[in-house]
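**Student:** Following this line is work_25.tsv, made up of TSV, C-alpha atoms:
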```
chain	number	residue	atom	x	y	z
A	1	MET	CA	149.79	81.02	239.15
A	2	ILE	CA	148.80	79.90	235.65
A	3	THR	CA	151.30	81.18	233.11
A	4	MET	CA	152.06	80.70	229.42
A	5	ASN	CA	155.22	78.65	228.99
A	6	THR	CA	157.18	77.79	225.86
A	7	ILE	CA	158.07	74.41	224.40
A	8	LYS	CA	161.57	75.54	223.60
A	9	SER	CA	162.36	73.46	220.50
A	10	VAL	CA	159.37	74.78	218.54
A	11	GLY	CA	158.45	78.03	220.31
A	12	LEU	CA	154.90	76.83	221.04
A	13	SER	CA	153.29	78.56	224.02
A	14	VAL	CA	151.15	76.40	226.30
A	15	PRO	CA	149.25	77.17	229.52
A	16	SER	CA	150.86	75.79	232.67
A	17	LEU	CA	147.62	73.95	233.49
A	18	THR	CA	146.21	71.19	231.26
A	19	PHE	CA	142.74	69.61	231.37
A	20	GLY	CA	143.20	65.83	231.41
A	21	ALA	CA	140.22	64.35	229.55
A	22	ALA	CA	140.51	60.69	230.62
A	23	SER	CA	137.71	61.26	233.13
A	24	LEU	CA	135.36	62.22	230.30
A	25	ALA	CA	135.64	58.57	229.20
A	26	ASN	CA	134.11	57.26	232.44
A	27	LEU	CA	137.41	56.68	234.22
A	28	PHE	CA	136.52	55.08	237.58
A	29	LYS	CA	132.87	56.22	237.26
A	30	SER	CA	130.27	56.66	234.54
A	31	LEU	CA	129.25	60.08	233.27
A	32	SER	CA	126.30	60.84	231.04
A	33	ASN	CA	126.93	62.85	227.89
A	34	THR	CA	125.20	65.77	229.58
A	35	GLU	CA	127.51	65.55	232.61
A	36	ALA	CA	130.61	65.30	230.43
A	37	MET	CA	129.59	68.32	228.35
A	38	ALA	CA	128.85	70.31	231.51
A	39	ILE	CA	132.40	69.64	232.76
A	40	VAL	CA	133.98	70.88	229.53
A	41	ASP	CA	131.64	73.88	229.43
A	42	LYS	CA	132.59	74.88	232.98
A	43	ALA	CA	136.30	74.38	232.26
A	44	ILE	CA	136.08	76.71	229.28
A	45	GLN	CA	134.08	79.21	231.31
A	46	VAL	CA	136.61	79.45	234.14
A	47	GLY	CA	139.59	79.68	231.81
A	48	TRP	CA	141.13	76.29	230.94
A	49	ARG	CA	142.80	76.54	227.53
A	50	TYR	CA	144.88	73.38	227.12
A	51	PHE	CA	143.10	70.05	226.72
A	52	ASP	CA	144.75	66.61	226.52
A	53	THR	CA	143.14	63.33	225.52
A	54	ALA	CA	143.92	59.95	223.89
A	55	PRO	CA	142.22	57.19	221.84
A	56	HIS	CA	142.94	54.83	224.75
A	57	TYR	CA	140.56	56.71	227.05
A	58	GLY	CA	137.28	54.85	226.77
A	59	SER	CA	138.22	53.48	223.33
A	60	GLY	CA	137.71	56.87	221.70
A	61	LEU	CA	134.95	58.12	224.01
A	62	ALA	CA	137.09	60.88	225.54
A	63	GLU	CA	138.03	62.24	222.11
A	64	LEU	CA	134.41	62.24	220.97
A	65	ARG	CA	133.12	64.01	224.07
A	66	LEU	CA	135.98	66.49	224.25
A	67	GLY	CA	135.62	67.33	220.57
A	68	MET	CA	131.92	68.08	221.04
A	69	GLY	CA	132.62	70.14	224.14
A	70	LEU	CA	135.19	72.29	222.35
A	71	ARG	CA	133.02	73.13	219.35
A	72	GLY	CA	131.93	76.43	220.84
A	73	LEU	CA	135.51	77.61	221.31
A	74	ALA	CA	137.43	79.03	218.37
A	75	ARG	CA	140.23	76.63	217.38
A	76	GLY	CA	142.95	79.22	217.79
A	77	GLU	CA	141.94	79.90	221.39
A	78	TYR	CA	143.14	76.62	222.89
A	79	VAL	CA	145.93	74.05	222.75
A	80	LEU	CA	144.96	70.43	222.01
A	81	SER	CA	146.99	67.26	222.39
A	82	THR	CA	146.18	63.62	221.86
A	83	LYS	CA	148.16	60.42	221.48
A	84	VAL	CA	149.13	57.68	219.05
A	85	GLY	CA	150.22	54.07	219.45
A	86	ARG	CA	146.86	52.35	219.86
A	87	LEU	CA	144.46	51.80	216.97
A	88	LEU	CA	140.80	51.02	217.68
A	89	GLN	CA	139.22	47.96	216.08
A	90	SER	CA	135.62	46.74	216.20
A	91	ARG	CA	134.92	44.42	219.12
A	92	LYS	CA	131.88	43.05	217.27
A	93	GLN	CA	130.15	40.61	219.61
A	94	GLN	CA	133.06	40.13	222.02
A	95	PRO	CA	132.01	40.80	225.63
A	96	GLY	CA	134.03	42.65	228.26
A	97	LEU	CA	136.38	45.60	228.33
A	98	GLU	CA	139.92	45.44	227.00
A	99	ALA	CA	140.97	48.14	229.46
A	100	GLY	CA	139.76	46.20	232.49
A	101	GLU	CA	137.81	47.90	235.24
A	102	PHE	CA	139.08	51.48	234.90
A	103	PHE	CA	136.86	52.72	232.03
A	104	PHE	CA	133.15	52.09	232.46
A	105	ASP	CA	130.70	51.87	229.53
A	106	GLU	CA	133.41	52.55	226.99
A	107	ASN	CA	133.04	52.36	223.22
A	108	PRO	CA	132.94	48.81	221.76
A	109	PHE	CA	136.45	48.77	220.32
A	110	ASN	CA	139.55	46.76	221.09
A	111	ARG	CA	142.91	48.50	221.23
A	112	HIS	CA	145.64	47.31	218.89
A	113	ALA	CA	149.17	48.56	219.55
A	114	ASP	CA	150.87	49.98	216.46
A	115	TYR	CA	153.84	52.37	216.67
A	116	SER	CA	154.81	52.13	212.99
A	117	TYR	CA	154.61	54.85	210.34
A	118	ALA	CA	151.32	53.51	209.00
A	119	GLY	CA	149.86	53.04	212.47
A	120	ILE	CA	150.71	56.54	213.61
A	121	MET	CA	149.38	58.14	210.42
A	122	ARG	CA	146.11	56.24	210.71
A	123	SER	CA	145.81	57.02	214.41
A	124	TYR	CA	146.27	60.73	213.71
A	125	GLU	CA	143.57	60.74	211.02
A	126	ASP	CA	141.16	58.78	213.25
A	127	SER	CA	141.70	61.24	216.10
A	128	ILE	CA	141.17	64.24	213.83
A	129	GLN	CA	137.77	62.80	212.91
A	130	ARG	CA	136.73	61.90	216.47
A	131	LEU	CA	137.79	65.31	217.76
A	132	GLY	CA	136.25	67.17	214.82
A	133	THR	CA	139.27	69.43	214.44
A	134	ARG	CA	141.51	70.59	211.60
A	135	TYR	CA	144.77	69.99	213.40
A	136	ILE	CA	146.31	68.80	216.67
A	137	ASP	CA	148.92	70.93	218.40
A	138	ILE	CA	150.87	68.19	220.19
A	139	LEU	CA	150.94	64.48	219.42
A	140	TYR	CA	152.29	62.06	222.04
A	141	VAL	CA	153.39	58.47	221.47
A	142	HIS	CA	151.36	56.77	224.18
A	143	ASP	CA	152.55	54.24	226.78
A	144	ILE	CA	155.55	52.82	224.97
A	145	GLY	CA	157.94	51.01	227.32
A	146	THR	CA	158.16	48.30	229.96
A	147	TYR	CA	155.57	49.83	232.33
A	148	THR	CA	152.87	48.96	229.80
A	149	TYR	CA	154.28	45.97	227.94
A	150	GLY	CA	156.78	44.48	230.39
A	151	GLN	CA	160.34	43.46	229.64
A	152	THR	CA	159.31	41.32	226.69
A	153	PRO	CA	160.14	40.96	222.98
A	154	LEU	CA	156.81	42.70	222.28
A	155	GLU	CA	157.94	45.82	224.15
A	156	ARG	CA	161.18	45.90	222.15
A	157	LYS	CA	159.24	45.36	218.91
A	158	HIS	CA	157.04	48.36	219.63
A	159	PHE	CA	160.08	50.49	220.41
A	160	LYS	CA	161.84	49.29	217.25
A	161	ASP	CA	158.75	50.12	215.16
A	162	PHE	CA	158.76	53.61	216.63
A	163	CYS	CA	162.49	54.09	215.99
A	164	ASP	CA	162.45	52.57	212.49
A	165	SER	CA	159.41	54.36	211.07
A	166	GLY	CA	157.07	55.83	213.70
A	167	GLN	CA	159.21	58.86	214.37
A	168	THR	CA	159.37	59.49	210.63
A	169	ALA	CA	155.59	59.84	210.60
A	170	LEU	CA	155.71	62.30	213.49
A	171	ASP	CA	158.43	64.38	211.83
A	172	GLU	CA	156.41	64.39	208.59
A	173	LEU	CA	153.22	65.51	210.35
A	174	LYS	CA	155.16	68.29	212.02
A	175	ARG	CA	156.90	69.36	208.82
A	176	ASN	CA	153.53	69.49	207.01
A	177	GLY	CA	151.94	71.60	209.73
A	178	ASP	CA	149.47	68.91	210.81
A	179	ILE	CA	150.97	69.10	214.30
A	180	LYS	CA	153.17	71.72	215.93
A	181	ALA	CA	155.14	69.42	218.24
A	182	TRP	CA	155.45	65.77	219.14
A	183	GLY	CA	156.65	63.77	222.08
A	184	VAL	CA	156.21	60.61	224.12
A	185	GLY	CA	153.96	59.98	227.12
A	186	ALA	CA	154.77	57.27	229.64
A	187	ASN	CA	154.64	56.29	233.31
A	188	GLU	CA	158.40	55.73	233.48
A	189	GLU	CA	161.34	57.97	232.79
A	190	ALA	CA	163.66	55.16	231.59
A	191	ILE	CA	161.96	54.77	228.20
A	192	LEU	CA	161.83	58.55	227.76
A	193	MET	CA	165.57	58.78	228.35
A	194	GLU	CA	166.11	56.00	225.79
A	195	VAL	CA	163.97	57.82	223.24
A	196	MET	CA	166.37	60.77	223.34
A	197	ASP	CA	169.14	58.46	222.11
A	198	HIS	CA	167.19	57.65	218.94
A	199	ALA	CA	164.90	60.59	218.15
A	200	ALA	CA	164.39	64.33	218.57
A	201	PRO	CA	161.12	64.84	220.48
A	202	ASP	CA	159.92	68.28	221.50
A	203	ILE	CA	158.18	67.35	224.74
A	204	PHE	CA	157.61	64.42	227.09
A	205	MET	CA	154.55	63.70	229.21
A	206	LEU	CA	155.68	61.94	232.40
A	207	ALA	CA	152.80	60.56	234.46
A	208	ASN	CA	152.81	59.49	238.11
A	209	ARG	CA	156.57	59.91	238.48
A	210	TYR	CA	157.10	63.50	239.57
A	211	ASN	CA	154.92	64.75	242.39
A	212	LEU	CA	155.02	65.46	246.11
A	213	LEU	CA	155.56	61.74	246.74
A	214	GLU	CA	158.21	61.15	244.05
A	215	THR	CA	160.83	63.82	243.48
A	216	ASP	CA	164.11	62.07	242.62
A	217	ARG	CA	164.24	62.64	238.86
A	218	GLN	CA	167.43	64.70	238.50
A	219	ALA	CA	169.03	62.48	235.84
A	220	PHE	CA	165.88	62.56	233.71
A	221	PHE	CA	165.51	66.33	233.83
A	222	ALA	CA	169.24	66.85	233.20
A	223	LYS	CA	169.08	64.77	230.02
A	224	CYS	CA	165.93	66.59	228.88
A	225	GLU	CA	167.69	69.91	229.33
A	226	GLN	CA	170.72	68.64	227.44
A	227	HIS	CA	168.54	67.58	224.50
A	228	GLY	CA	166.25	70.62	224.61
A	229	VAL	CA	163.16	68.59	225.48
A	230	SER	CA	160.38	70.23	227.50
A	231	VAL	CA	158.31	68.25	230.01
A	232	ALA	CA	154.62	68.00	230.80
A	233	ILE	CA	153.83	66.37	234.14
A	234	ALA	CA	150.65	64.30	234.41
A	235	ALA	CA	148.86	62.88	237.44
A	236	PRO	CA	150.21	65.39	240.00
A	237	PHE	CA	147.76	64.02	242.56
A	238	ALA	CA	149.40	60.55	242.40
A	239	THR	CA	146.32	58.74	241.06
A	240	GLY	CA	144.17	60.85	243.38
A	241	VAL	CA	145.50	59.88	246.78
A	242	LEU	CA	146.92	63.36	247.47
A	243	VAL	CA	143.47	64.93	247.28
A	244	ALA	CA	141.29	62.06	248.50
A	245	LYS	CA	139.18	62.65	251.59
A	246	ASP	CA	139.65	59.05	252.69
A	247	LYS	CA	143.21	58.19	251.69
A	248	SER	CA	143.07	54.62	252.99
A	249	SER	CA	140.33	53.74	250.49
A	250	SER	CA	141.82	55.75	247.62
A	251	LEU	CA	144.13	54.55	244.85
A	252	TYR	CA	147.90	54.79	244.52
A	253	GLU	CA	149.53	53.37	241.41
A	254	TYR	CA	146.00	52.15	240.59
A	255	GLY	CA	146.07	49.91	243.66
A	256	ALA	CA	145.83	50.03	247.45
A	257	VAL	CA	147.66	52.83	249.27
A	258	PRO	CA	150.62	51.57	251.37
A	259	PRO	CA	150.66	52.76	255.01
A	260	ALA	CA	154.04	54.46	254.48
A	261	VAL	CA	152.53	56.59	251.71
A	262	ILE	CA	149.64	57.65	253.93
A	263	GLU	CA	152.11	58.60	256.66
A	264	LYS	CA	154.14	60.71	254.20
A	265	ILE	CA	151.00	62.45	252.95
A	266	ASN	CA	149.99	63.26	256.52
A	267	HIS	CA	153.36	64.99	257.08
A	268	ILE	CA	152.99	66.98	253.85
A	269	GLU	CA	149.42	67.93	254.68
A	270	ALA	CA	150.45	69.16	258.12
A	271	VAL	CA	152.91	71.56	256.48
A	272	CYS	CA	150.25	72.75	254.02
A	273	ASN	CA	147.75	73.31	256.82
A	274	LYS	CA	150.32	75.31	258.76
A	275	HIS	CA	150.59	77.72	255.81
A	276	HIS	CA	146.84	77.66	255.05
A	277	VAL	CA	147.37	76.10	251.63
A	278	PRO	CA	145.21	73.21	250.32
A	279	LEU	CA	147.28	70.10	249.72
A	280	GLY	CA	145.82	69.93	246.21
A	281	ALA	CA	147.18	73.38	245.37
A	282	ALA	CA	150.68	72.42	246.51
A	283	ALA	CA	150.49	69.16	244.55
A	284	LEU	CA	149.36	70.94	241.41
A	285	GLN	CA	152.01	73.65	241.53
A	286	PHE	CA	154.99	71.62	242.79
A	287	PRO	CA	156.09	70.21	239.39
A	288	LEU	CA	156.20	73.70	237.86
A	289	ARG	CA	159.00	74.66	240.22
A	290	ASN	CA	161.24	72.60	237.91
A	291	LYS	CA	162.44	74.82	235.05
A	292	ASN	CA	162.02	72.03	232.51
A	293	VAL	CA	158.30	71.57	233.23
A	294	VAL	CA	156.00	73.67	231.04
A	295	THR	CA	152.59	72.33	232.07
A	296	VAL	CA	150.84	70.08	234.58
A	297	THR	CA	147.97	67.84	233.50
A	298	CYS	CA	145.28	66.84	235.98
A	299	GLY	CA	142.08	64.91	235.49
A	300	VAL	CA	138.73	66.66	235.92
A	301	GLN	CA	135.84	64.42	236.98
A	302	SER	CA	133.19	67.01	237.82
A	303	VAL	CA	132.09	70.60	237.36
A	304	GLU	CA	133.31	71.27	240.90
A	305	GLN	CA	136.78	69.94	240.08
A	306	ALA	CA	136.94	72.11	236.96
A	307	VAL	CA	136.56	75.12	239.25
A	308	THR	CA	138.63	73.94	242.22
A	309	ASN	CA	141.62	72.69	240.24
A	310	TYR	CA	141.75	75.95	238.30
A	311	GLU	CA	141.64	77.93	241.55
A	312	TRP	CA	144.39	75.75	243.06
A	313	ALA	CA	146.58	76.41	240.03
A	314	ASN	CA	146.15	80.16	240.55
A	315	LEU	CA	146.62	80.22	244.31
A	316	ALA	CA	149.61	82.20	245.60
A	317	ILE	CA	151.72	79.81	247.68
A	318	PRO	CA	154.20	81.31	250.16
A	319	ALA	CA	157.88	80.50	249.71
A	320	ALA	CA	157.97	79.40	253.34
A	321	LEU	CA	155.83	76.36	252.47
A	322	TRP	CA	158.27	75.20	249.82
A	323	ASP	CA	161.18	75.80	252.19
A	324	GLU	CA	159.57	73.65	254.84
A	325	LEU	CA	158.75	70.88	252.36
A	326	ALA	CA	162.37	70.99	251.21
A	327	GLY	CA	163.27	70.15	254.81
A	328	LEU	CA	161.28	66.93	254.29
A	329	GLY	CA	163.29	66.17	251.17
A	330	ILE	CA	160.60	67.43	248.78
A	331	LYS	CA	162.38	69.77	246.38
```
Would it be possible to restate this file's structure as structure tokens?
**Tutor:**
Amino acid sequence: MITMNTIKSVGLSVPSLTFGAASLANLFKSLSNTEAMAIVDKAIQVGWRYFDTAPHYGSGLAELRLGMGLRGLARGEYVLSTKVGRLLQSRKQQPGLEAGEFFFDENPFNRHADYSYAGIMRSYEDSIQRLGTRYIDILYVHDIGTYTYGQTPLERKHFKDFCDSGQTALDELKRNGDIKAWGVGANEEAILMEVMDHAAPDIFMLANRYNLLETDRQAFFAKCEQHGVSVAIAAPFATGVLVAKDKSSSLYEYGAVPPAVIEKINHIEAVCNKHHVPLGAAALQFPLRNKNVVTVTCGVQSVEQAVTNYEWANLAIPAALWDELAGLGIK
């Protein structure tokens, strides 16, 4: 069931379900402005009240569309988060997409990584303008770490910039009331654990690393609890494979789905079917069984998904299902 949970270090209450706005930026498929607005409208109508986005998504397109979609909702009625770490620069006449094949028909800007004080301050101001809002509740440092940049001097430079001055910008924005909390979002827990050795974040967004297919994160959650850091889990459907009709042609880790993964999903789905629970509902609610997790972020690609995902988040799941999944090592 959707609940209001608290980011413990700052006392900020957030809904346990978050609307992931990457899909508004034509992630995997193109949407018209009308289609994108209809998705946000339906999400608001059914009850979504936490929205997450980033400059990276469609080179600012997600922020623009989300900001327009939220204009009819009073600012105090929802929680909003976006991210810093990538500045957008004019692509001029350069062809192609910097983000590769994932975002279609994106805005004509290149992404420039900048985790410094100046970069984060500029990124915040740019996002405020694209979103058309007075403030942002939560600001995440986006995709810092080896998953994005590899084990290279560049990755260490970005991390050093964040440690030397970037976190100062975040603390200043928080102290001035421009944001209520800040954190780091990444697809790996190693860099998040390292961040806790150098800074005092309020919340982490961990994507693709804690779901029905990946559960062994005890060391990460233990350190978060020790440092008083709350956790938002993103991509609970494991890049979509957990809810795909044809799993063999779906994506896992943004690539082909290994046969072993399909076999594991089939076992999980059999348990869900036995208890008359959609696999998507179990996937969406599983991360919240961890006491450190305050919200789960899932992408919404259609009006139908805005309704279905919200219903899945509110579905009562019997304890017997979780007990049986625990027998498969999913706990």
**Student:** For Gly228 in chain A, which of A:Glu155, A:Val10, A:Asp137, A:Leu170 is the closest residue, counting all atoms listed in the file?
**Tutor:**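 For Gly228 in chain A, the nearest of the given residues is A:Val10.
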**Student:** CA of Ala235 in chain A and CA of Gly166 in chain A, how far apart in Å?
**Tutor:** 26.1 Å
**Student:** What is the CA of Lys223 in chain A to CA of Ala169 in chain A distance in Å?
**Tutor:** 24.2 Å
**Student:** Between A:Ala219, A:Leu328, A:Leu12, A:Met37, which has the minimum distance to Val303 in chain A (counting all atoms listed in the file)?
**Tutor:**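 The shortest atom-to-atom distance to Val303 in chain A comes from A:Met37.
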**Student:** Counting only C-alpha atoms, what is within 7 Å of range 180-189 of chain A, bar same-chain residues fewer than 4 positions away, as an MDAnalysis selection string?
**Tutor:** chainID A and resid 10 137:144 147 170 174 193 201:209 220
**Student:** Report as a short mmCIF file (atom, residue, chain, number, x, y, z; two decimals) with C-alpha atoms, in the frame of the given file all protein, DNA and RNA residues lying within 8 Å of Cys298 in chain A, evaluated on all atoms listed in the file, omitting residues in the same chain fewer than 4 positions from it.
**Tutor:**
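The new file result_28.cif reads:
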```cif
data_model
loop_
_atom_site.label_atom_id
_atom_site.label_comp_id
_atom_site.auth_asym_id
_atom_site.auth_seq_id
_atom_site.Cartn_x
_atom_site.Cartn_y
_atom_site.Cartn_z
CA LEU A 17 147.62 73.95 233.49
CA THR A 18 146.21 71.19 231.26
CA PHE A 19 142.74 69.61 231.37
CA GLY A 20 143.20 65.83 231.41
CA ALA A 234 150.65 64.30 234.41
CA ALA A 235 148.86 62.88 237.44
CA PRO A 236 150.21 65.39 240.00
CA PHE A 237 147.76 64.02 242.56
CA LEU A 284 149.36 70.94 241.41
#
```
**Student:** One decimal, Å: what's the distance from CA of Leu192 in chain A over to CA of Cys224 in chain A, could you say?
**Tutor:**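 Spanning CA of Leu192 in chain A to CA of Cys224 in chain A is a straight-line distance of 9.1 Å.
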